[in-house]
Amino acid sequence: MKALATLTALAALAIAFPAQAEFQLGSRYVDNDGDLIADIPEDSADWIDPDTLIFAYTPVEDPAVYAEVWQGFLDHMSEVTGKQVQFFPVQSNAAQIEAMRAGRLHVAGFNTGSNPLAVACAGFRPFAMMAAEDGSFGYEMEIITYPDSGIEAVEDLRGETLAFTSETSNSGFKAPSAILMAEFGMEAGTDFEATFSGAHDSSILGVANKDYIAASIANSVKGRMLDREVVTEDQLVTIYTSQTFPTTGYGTVYNLTPDLQEKIQEAFFSYDWEGTALAEEFGRNGEDQFIPITFQEDWAVIRTIDEANGVVYECN
């Protein structure tokens with residue numbers, strides 16, 4: 001894996017896309033310190049202190065796969081916070097954002113592309129990311145096809161159908177849309193058709209089984225599926241690999257009590273990964289710790305991609 005915010009990566013993106021996207025929080029939140037995330041309410045009457053914390057992991061794959069994977073960590077969070085902690089298997093990025101916005105979700109990992117919308121519209125306060133032992137982190141967007149599909153280069157997608165995952169996904173929609181336009185002058189609906197699979201594992205399986213001729217996916221998900229032998233290397237061909245992007249961002253909803261937010265952060269950074277189900281699953285990507293991050297710095301490249309795609313952070 002590569003560290004995300006290298007000067008080379010940022011310079012490459014700056015050439016391809018416009019300046020950083022204009023980002024603004026929804027009207028129900030304030031940002032007096034200018035860090036681009038919702039401030040904790042000043043009035044303690046606006047704080048919440050639930051008996052049970054609800055946790056959700058981004059639905060990049062079948063949520064049922066991850067309930068057991070996360071259980072050891074959730075037990076640790078329960079011990080640190082003194083709260084019951086329950087895993088909530090969300091089915092879509094939109095459902096996850098709405099659950100936090102409605103007060104039903106307190107701690108979460110939002111995928112790369114959903115982070116800006118979760119921050120703007122749900123009061124999400126990201127503070128952590130998974131990383132390798134040396135502190136490097138991130139993943140790449142890949143456009144994949146299957147052997148003998150007739151697709152040997154990105155230009156061969158003209159007149160074909162490309163499978164995206166969902167419109168809130170960075171590698172499953174936002175990044176490839178911006179890159180295809182900026183680097184190849186190709187736009188969905190004009191130069192190729194678009195379809196949506198709903199999830200990265202669905203896109204990868206769809207290509208492997210020749211249901212989709214090509215798909216844009218996160219190679220971290222592909223790596224885990226290869227390791228579990230859900231698919232095999234000889235079923236997939238990569239025709240494009242992007243620069244490195246940040247992976248899932250973990251954080252809390254803005255209006256948990258300040259003390260509880262601090263304890264949740266402590267749970268993330270004090271967790272011992274060795275020998276855990278979390279280490280077994282995410283170690284497939286070389287990830288074995290949580291490291292501190294900031295939305296303002298580490299998601300700048302994603303906000304730039306959003307601007308290139310004309311994304312507007314509107315919160316109903």
# chains A, B, ... in the order shown; residues from 1 in each chain; ligands from 1

$ residues_around --residues "A:Ser220" --least-positions-apart "6" --cutoff "9 Å" --atoms "only C-alpha atoms" --output "ChimeraX atom specification"
/A:138-141,247,284-285

$ write_last_selection --atoms "N, CA, C and O atoms" --output "PDB file, in the first residue's frame"
ATOM      1  N   GLY A 138      -4.578   3.589   2.543  1.00  0.00           N
ATOM      2  CA  GLY A 138      -5.224   3.934   1.296  1.00  0.00           C
ATOM      3  C   GLY A 138      -5.449   2.749   0.379  1.00  0.00           C
ATOM      4  O   GLY A 138      -5.009   1.637   0.652  1.00  0.00           O
ATOM      5  N   TYR A 139      -6.172   3.014  -0.704  1.00  0.00           N
ATOM      6  CA  TYR A 139      -6.493   1.998  -1.697  1.00  0.00           C
ATOM      7  C   TYR A 139      -6.572   2.685  -3.054  1.00  0.00           C
ATOM      8  O   TYR A 139      -6.546   3.917  -3.141  1.00  0.00           O
ATOM      9  N   GLU A 140      -6.672   1.893  -4.091  1.00  0.00           N
ATOM     10  CA  GLU A 140      -6.790   2.449  -5.441  1.00  0.00           C
ATOM     11  C   GLU A 140      -8.114   2.028  -6.071  1.00  0.00           C
ATOM     12  O   GLU A 140      -8.640   0.957  -5.783  1.00  0.00           O
ATOM     13  N   MET A 141      -8.621   2.903  -6.935  1.00  0.00           N
ATOM     14  CA  MET A 141      -9.747   2.545  -7.790  1.00  0.00           C
ATOM     15  C   MET A 141      -9.194   1.787  -8.981  1.00  0.00           C
ATOM     16  O   MET A 141      -8.202   2.194  -9.577  1.00  0.00           O
ATOM     17  N   THR A 247      -9.092   5.447   2.795  1.00  0.00           N
ATOM     18  CA  THR A 247     -10.078   4.381   2.930  1.00  0.00           C
ATOM     19  C   THR A 247     -11.142   4.800   3.939  1.00  0.00           C
ATOM     20  O   THR A 247     -11.298   5.994   4.216  1.00  0.00           O
ATOM     21  N   ARG A 284      -5.574  -8.553   5.436  1.00  0.00           N
ATOM     22  CA  ARG A 284      -5.458  -8.931   4.026  1.00  0.00           C
ATOM     23  C   ARG A 284      -5.038  -7.733   3.179  1.00  0.00           C
ATOM     24  O   ARG A 284      -4.481  -7.891   2.100  1.00  0.00           O
ATOM     25  N   ASN A 285      -5.359  -6.524   3.671  1.00  0.00           N
ATOM     26  CA  ASN A 285      -4.949  -5.297   2.977  1.00  0.00           C
ATOM     27  C   ASN A 285      -3.710  -4.684   3.603  1.00  0.00           C
ATOM     28  O   ASN A 285      -3.318  -3.576   3.243  1.00  0.00           O
TER      29      ASN A 285
END

$ residues_around --residues "A:Arg228" --least-positions-apart "6" --cutoff "12 Å" --atoms "only C-alpha atoms" --output "list in words"
Val65, Val221, Lys222, Glu280, Glu281, Phe282 and Arg284 of chain A

$ closest_atom_pairs --of "stretch 98-211 of chain A" --to "stretch 294-305 of chain A" --cutoff "12 Å" --atoms "only C-alpha atoms" --output "JSON lines"
{"residue": "A:Phe110", "atom": "CA", "partner": "A:Phe295", "partner_atom": "CA", "distance": 11.9}
{"residue": "A:Asn111", "atom": "CA", "partner": "A:Ile302", "partner_atom": "CA", "distance": 11.3}
{"residue": "A:Thr112", "atom": "CA", "partner": "A:Ile302", "partner_atom": "CA", "distance": 7.6}
{"residue": "A:Gly113", "atom": "CA", "partner": "A:Ile302", "partner_atom": "CA", "distance": 7.0}
{"residue": "A:Ser114", "atom": "CA", "partner": "A:Ile302", "partner_atom": "CA", "distance": 9.7}
{"residue": "A:Asn115", "atom": "CA", "partner": "A:Trp299", "partner_atom": "CA", "distance": 8.1}
{"residue": "A:Pro116", "atom": "CA", "partner": "A:Arg303", "partner_atom": "CA", "distance": 7.1}
{"residue": "A:Leu117", "atom": "CA", "partner": "A:Arg303", "partner_atom": "CA", "distance": 10.0}
{"residue": "A:Ala118", "atom": "CA", "partner": "A:Phe295", "partner_atom": "CA", "distance": 11.1}
{"residue": "A:Val119", "atom": "CA", "partner": "A:Phe295", "partner_atom": "CA", "distance": 8.6}
{"residue": "A:Ala120", "atom": "CA", "partner": "A:Phe295", "partner_atom": "CA", "distance": 11.1}
{"residue": "A:Phe124", "atom": "CA", "partner": "A:Phe295", "partner_atom": "CA", "distance": 10.0}
{"residue": "A:Arg125", "atom": "CA", "partner": "A:Phe295", "partner_atom": "CA", "distance": 8.1}
{"residue": "A:Pro126", "atom": "CA", "partner": "A:Phe295", "partner_atom": "CA", "distance": 6.4}
{"residue": "A:Phe127", "atom": "CA", "partner": "A:Thr294", "partner_atom": "CA", "distance": 5.9}
{"residue": "A:Ala128", "atom": "CA", "partner": "A:Thr294", "partner_atom": "CA", "distance": 7.8}
{"residue": "A:Met129", "atom": "CA", "partner": "A:Thr294", "partner_atom": "CA", "distance": 9.5}
{"residue": "A:Phe137", "atom": "CA", "partner": "A:Asp298", "partner_atom": "CA", "distance": 10.9}
{"residue": "A:Gly138", "atom": "CA", "partner": "A:Asp298", "partner_atom": "CA", "distance": 10.5}
{"residue": "A:Thr168", "atom": "CA", "partner": "A:Ile302", "partner_atom": "CA", "distance": 11.4}
{"residue": "A:Ser169", "atom": "CA", "partner": "A:Ile302", "partner_atom": "CA", "distance": 10.6}
{"residue": "A:Asn170", "atom": "CA", "partner": "A:Ile302", "partner_atom": "CA", "distance": 7.6}
{"residue": "A:Ser171", "atom": "CA", "partner": "A:Ile302", "partner_atom": "CA", "distance": 10.2}
{"residue": "A:Phe173", "atom": "CA", "partner": "A:Ile305", "partner_atom": "CA", "distance": 10.5}
{"residue": "A:Lys174", "atom": "CA", "partner": "A:Ile305", "partner_atom": "CA", "distance": 6.8}
{"residue": "A:Ala175", "atom": "CA", "partner": "A:Ile305", "partner_atom": "CA", "distance": 6.2}
{"residue": "A:Pro176", "atom": "CA", "partner": "A:Ile305", "partner_atom": "CA", "distance": 9.5}
{"residue": "A:Ser177", "atom": "CA", "partner": "A:Ile305", "partner_atom": "CA", "distance": 9.1}
{"residue": "A:Ala178", "atom": "CA", "partner": "A:Ile305", "partner_atom": "CA", "distance": 6.5}
{"residue": "A:Ile179", "atom": "CA", "partner": "A:Ile305", "partner_atom": "CA", "distance": 8.8}
{"residue": "A:Leu180", "atom": "CA", "partner": "A:Ile305", "partner_atom": "CA", "distance": 11.9}
{"residue": "A:Met181", "atom": "CA", "partner": "A:Ile305", "partner_atom": "CA", "distance": 11.5}
{"residue": "A:Ala182", "atom": "CA", "partner": "A:Ile305", "partner_atom": "CA", "distance": 10.7}

$ select_by_dssp --residues "stretch 59-289 of chain A" --states "alpha helix (DSSP H)" --output "number ranges by chain"
A: 63-81, 93-101, 115-122, 175-184, 200-208, 219-227, 258-270, 277-282

$ residues_around --residues "stretch 230-242 of chain A" --least-positions-apart "4" --cutoff "6 Å" --atoms "only C-alpha atoms" --output "list in words"
Glu140, Met141, Glu142, Ile143, Ile144, Thr145, Tyr146, Ala153, Ala208, Met225 and Leu226 of chain A

$ select_by_dssp --residues "stretch 40-259 of chain A" --states "strand (DSSP E or B)" --output "number ranges by chain"
A: 48, 52-57, 84-87, 107-110, 124-131, 139-145, 161-164, 188, 192-196, 214-218, 237-245, 249-253, 256
